[in-house]
Amino acid sequence: MPPQVALPDGHKVPFANLDYAATAPVARAAAEAVEALLPWYGSVHRGAGALSQKTSLEYERARQTIGDFLGCRPGDEVVFTRNTTDAMNLLAHALPPDTLTVTFLGEHHAGLLPWPSVHRLPIPASPESAVASLAEALRAIRARDGAARPVLVAVTAASNVTGEVWPIADLVEQAHRCGARLAVDAAQLAPHRPVDLSSWDADYVAISGHKLYAPFGAGVLAGRADWLDQAPPYLAGGGATRSVDAGAETVTWTDGPARHEAGTPNVFGAVALGAVCAALASSDRADWQDHEARLSARLERRLVGIPGVAVLRSFPAGSDRVGIVSFAVSGEDSGDLATWLSVEHGIGVREGLFCAHPFSRHLLSEAGRRTGRPMPATALRASIGAGTTADDIDRLVAALADRVGTAR
């Protein structure tokens, strides 16, 4: 049940959490997994005692469960990180020398910024134009640089700004046709849809636990082992070494996930994330997807009926999306409006540029052009999760209509 929050008039209402895309509440399965492990809390891979053995076993079981959840293939590695941003930075660290990364300006900063050498493509206006733009860019890069240069394509599976779902399998096909690899930022897709490296034929995928009903501080980079095993350790320290000579001058590093997991890991975060992945894998995700689609359609349909409200989109209206709807209200400061919704109505939404500044600014500019109205400098985002109800949607719409005008 959502917590009760007090409004200025003194009465309490259930908090309407419409900010799942930032951080999802911790699932019961995650809490129960942590509680069960607490009596056995010990070092991971650091001892022969019962506590260390039990903790190490559960840590590695979580790795296997998460790998299965992500559709990992034999030989793929599952490396625990702090979050998707950390995972993408690990991948950037592991790139072979002279690798060129190709990405779109519509990416979250986690997929936009980490790369040492990068070619950024314009924001696409449709899934088809994304595929065509990538194909054209890769052909030009190969014609210019030759077939030997390593190339990585980094793309999102679902936008954290618009919720629009990207055509990952088609993008992978174009990348592989030109001898490039492809990494998927699945932070926003994984809570809503299956993520499957194998069926996509993608090379890498990154997720965050805090988007996926697990606690903060646990994420994953999963995918092909060769670049990861050939790269210097992401962190130099205990656990990443096979041997260190007497003068600490010669170090032999280990292979596999441990190469990039030096130090004592976040075992509770890993075990909690594994428990959530197991729970989601055994649930009826198709039923939830249908429920979410109905709520998203209800939200967007009612928002566009409020004068001055512009829903942000990059792809054509009606394109596939997960439960994320960003919008702006002409003549209203988004920060003030988000605060008013929270204080006066007990509704939580996100305000800002959503760690995707070029994309969000582009969408706000396009919304202004499309509507002929001036747009604020930042936007609002309502995002749907496992606990969202139709009442949450209706409360948001009613509050906005009361604030900015009667719904048409």
# chains A, B, ... in the order shown; residues from 1 in each chain; ligands from 1

$ residues_around --residues "stretch 2-11 of chain A" --least-positions-apart "5" --cutoff "8 Å" --atoms "only C-alpha atoms" --output "count of residues only"
5

$ closest_atom_pairs --of "stretch 147-166 of chain A" --to "stretch 204-226 of chain A" --cutoff "12 Å" --atoms "only C-alpha atoms" --output "JSON lines"
{"residue": "A:Leu152", "atom": "CA", "partner": "A:Tyr204", "partner_atom": "CA", "distance": 10.0}
{"residue": "A:Val153", "atom": "CA", "partner": "A:Tyr204", "partner_atom": "CA", "distance": 10.1}
{"residue": "A:Ala154", "atom": "CA", "partner": "A:Tyr204", "partner_atom": "CA", "distance": 9.2}
{"residue": "A:Val155", "atom": "CA", "partner": "A:Val205", "partner_atom": "CA", "distance": 9.8}
{"residue": "A:Thr156", "atom": "CA", "partner": "A:Val205", "partner_atom": "CA", "distance": 9.6}
{"residue": "A:Ala157", "atom": "CA", "partner": "A:Val205", "partner_atom": "CA", "distance": 9.5}
{"residue": "A:Ala158", "atom": "CA", "partner": "A:Ile207", "partner_atom": "CA", "distance": 11.8}
{"residue": "A:Asn160", "atom": "CA", "partner": "A:Lys211", "partner_atom": "CA", "distance": 10.7}

$ closest_residue --among "A:Arg313, A:Arg181, A:His108, A:Arg381" --to "A:Glu366" --atoms "only C-alpha atoms"
A:Arg313

$ select_by_dssp --residues "stretch 244-392 of chain A" --states "strand (DSSP E or B)" --output "JSON list (two decimals) with N, CA and C atoms, in the first residue's frame"
[["chain", "number", "residue", "atom", "x", "y", "z"],
["A", 244, "VAL", "N", 50.22, -11.62, -7.40],
["A", 244, "VAL", "CA", 51.02, -10.39, -7.32],
["A", 244, "VAL", "C", 52.38, -10.79, -6.77],
["A", 251, "VAL", "N", 51.81, -8.17, -11.85],
["A", 251, "VAL", "CA", 50.45, -8.58, -11.46],
["A", 251, "VAL", "C", 49.85, -9.39, -12.59],
["A", 252, "THR", "N", 49.30, -10.53, -12.23],
["A", 252, "THR", "CA", 48.52, -11.32, -13.18],
["A", 252, "THR", "C", 47.05, -11.19, -12.80],
["A", 253, "TRP", "N", 46.28, -10.66, -13.73],
["A", 253, "TRP", "CA", 44.87, -10.42, -13.45],
["A", 253, "TRP", "C", 44.04, -11.64, -13.80],
["A", 309, "VAL", "N", -1.15, 21.87, -22.63],
["A", 309, "VAL", "CA", -0.30, 20.71, -22.34],
["A", 309, "VAL", "C", 0.18, 20.09, -23.65],
["A", 310, "ALA", "N", 1.47, 19.87, -23.77],
["A", 310, "ALA", "CA", 2.06, 19.22, -24.94],
["A", 310, "ALA", "C", 2.80, 17.98, -24.50],
["A", 311, "VAL", "N", 2.41, 16.83, -25.02],
["A", 311, "VAL", "CA", 3.11, 15.58, -24.75],
["A", 311, "VAL", "C", 4.34, 15.51, -25.65],
["A", 321, "ARG", "N", 5.40, 2.16, -26.84],
["A", 321, "ARG", "CA", 6.09, 2.82, -25.74],
["A", 321, "ARG", "C", 5.83, 2.04, -24.46],
["A", 324, "ILE", "N", 5.88, 5.58, -19.82],
["A", 324, "ILE", "CA", 6.51, 6.86, -19.54],
["A", 324, "ILE", "C", 5.88, 7.91, -20.45],
["A", 325, "VAL", "N", 5.40, 9.00, -19.86],
["A", 325, "VAL", "CA", 4.82, 10.10, -20.64],
["A", 325, "VAL", "C", 5.41, 11.40, -20.09],
["A", 326, "SER", "N", 6.20, 12.08, -20.91],
["A", 326, "SER", "CA", 6.72, 13.39, -20.53],
["A", 326, "SER", "C", 5.92, 14.47, -21.24],
["A", 327, "PHE", "N", 5.78, 15.59, -20.57],
["A", 327, "PHE", "CA", 4.94, 16.65, -21.12],
["A", 327, "PHE", "C", 5.38, 17.99, -20.56],
["A", 328, "ALA", "N", 4.94, 19.05, -21.19],
["A", 328, "ALA", "CA", 5.20, 20.40, -20.72],
["A", 328, "ALA", "C", 3.90, 21.19, -20.78],
["A", 329, "VAL", "N", 3.81, 22.19, -19.94],
["A", 329, "VAL", "CA", 2.62, 23.03, -19.87],
["A", 329, "VAL", "C", 3.02, 24.46, -20.21],
["A", 347, "ILE", "N", 0.99, 14.02, -5.22],
["A", 347, "ILE", "CA", 1.32, 13.34, -6.47],
["A", 347, "ILE", "C", 2.79, 13.56, -6.77],
["A", 348, "GLY", "N", 3.51, 12.50, -7.06],
["A", 348, "GLY", "CA", 4.94, 12.60, -7.35],
["A", 348, "GLY", "C", 5.23, 12.38, -8.82],
["A", 350, "ARG", "N", 8.37, 13.57, -11.98],
["A", 350, "ARG", "CA", 9.73, 14.06, -12.15],
["A", 350, "ARG", "C", 9.71, 15.34, -12.96],
["A", 351, "GLU", "N", 10.62, 16.26, -12.63],
["A", 351, "GLU", "CA", 10.76, 17.52, -13.38],
["A", 351, "GLU", "C", 12.21, 17.69, -13.77],
["A", 352, "GLY", "N", 12.45, 18.19, -14.96],
["A", 352, "GLY", "CA", 13.82, 18.47, -15.38],
["A", 352, "GLY", "C", 14.04, 18.13, -16.84],
["A", 379, "ALA", "N", 10.77, 19.93, -18.49],
["A", 379, "ALA", "CA", 9.52, 19.19, -18.69],
["A", 379, "ALA", "C", 9.13, 18.44, -17.42],
["A", 380, "LEU", "N", 7.95, 17.85, -17.46],
["A", 380, "LEU", "CA", 7.46, 16.96, -16.41],
["A", 380, "LEU", "C", 7.37, 15.55, -16.98],
["A", 381, "ARG", "N", 7.57, 14.57, -16.11],
["A", 381, "ARG", "CA", 7.48, 13.18, -16.56],
["A", 381, "ARG", "C", 6.64, 12.38, -15.57],
["A", 382, "ALA", "N", 5.62, 11.71, -16.08],
["A", 382, "ALA", "CA", 4.82, 10.78, -15.29],
["A", 382, "ALA", "C", 5.16, 9.37, -15.78],
["A", 383, "SER", "N", 5.53, 8.51, -14.86],
["A", 383, "SER", "CA", 5.92, 7.15, -15.25],
["A", 383, "SER", "C", 5.19, 6.13, -14.39]]

$ closest_residue --among "A:Leu91, A:Ile66, A:Val151, A:Ala130" --to "A:Phe315" --atoms "only C-alpha atoms"
A:Ala130

$ closest_residue --among "A:Val195, A:Pro122, A:Glu249, A:Ala48" --to "A:Cys277" --atoms "only C-alpha atoms"
A:Val195

$ residues_around --residues "A:Ala297" --least-positions-apart "6" --cutoff "12 Å" --atoms "only C-alpha atoms" --output "VMD selection string"
chain A and resid 290 to 291 303 to 304 311 317 to 325 384 390 393

$ write_last_selection --atoms "C-alpha atoms" --output "PDB file, in the first residue's frame"
ATOM      1  CA  ASP A 290      -1.582  -4.833 -21.350  1.00  0.00           C
ATOM      2  CA  HIS A 291      -2.521  -3.134 -18.070  1.00  0.00           C
ATOM      3  CA  LEU A 303      -3.277  15.091 -20.925  1.00  0.00           C
ATOM      4  CA  VAL A 304      -3.678  16.228 -24.517  1.00  0.00           C
ATOM      5  CA  VAL A 311       3.115  15.580 -24.753  1.00  0.00           C
ATOM      6  CA  ALA A 317       1.903   9.294 -32.263  1.00  0.00           C
ATOM      7  CA  GLY A 318       0.817   5.736 -31.539  1.00  0.00           C
ATOM      8  CA  SER A 319       4.340   4.291 -31.632  1.00  0.00           C
ATOM      9  CA  ASP A 320       5.108   1.523 -29.159  1.00  0.00           C
ATOM     10  CA  ARG A 321       6.087   2.816 -25.737  1.00  0.00           C
ATOM     11  CA  VAL A 322       6.514   1.690 -22.148  1.00  0.00           C
ATOM     12  CA  GLY A 323       4.758   3.506 -19.325  1.00  0.00           C
ATOM     13  CA  ILE A 324       6.514   6.864 -19.544  1.00  0.00           C
ATOM     14  CA  VAL A 325       4.825  10.101 -20.637  1.00  0.00           C
ATOM     15  CA  ILE A 384       3.962   4.026 -14.490  1.00  0.00           C
ATOM     16  CA  ALA A 390      -6.224   4.372 -12.793  1.00  0.00           C
ATOM     17  CA  ILE A 393      -3.717   8.805 -13.423  1.00  0.00           C
TER      18      ILE A 393
END

$ atom_distance --atom1 "atom CA of A:Phe354" --atom2 "atom CA of A:Val161"
6.6 Å

$ closest_residue --among "A:Thr264, A:Asp185, A:Thr254, A:Asp229" --to "A:Gly111" --atoms "only C-alpha atoms"
A:Asp185

$ atom_distance --atom1 "atom CA of A:Val131" --atom2 "atom CA of A:Ser365"
23.7 Å
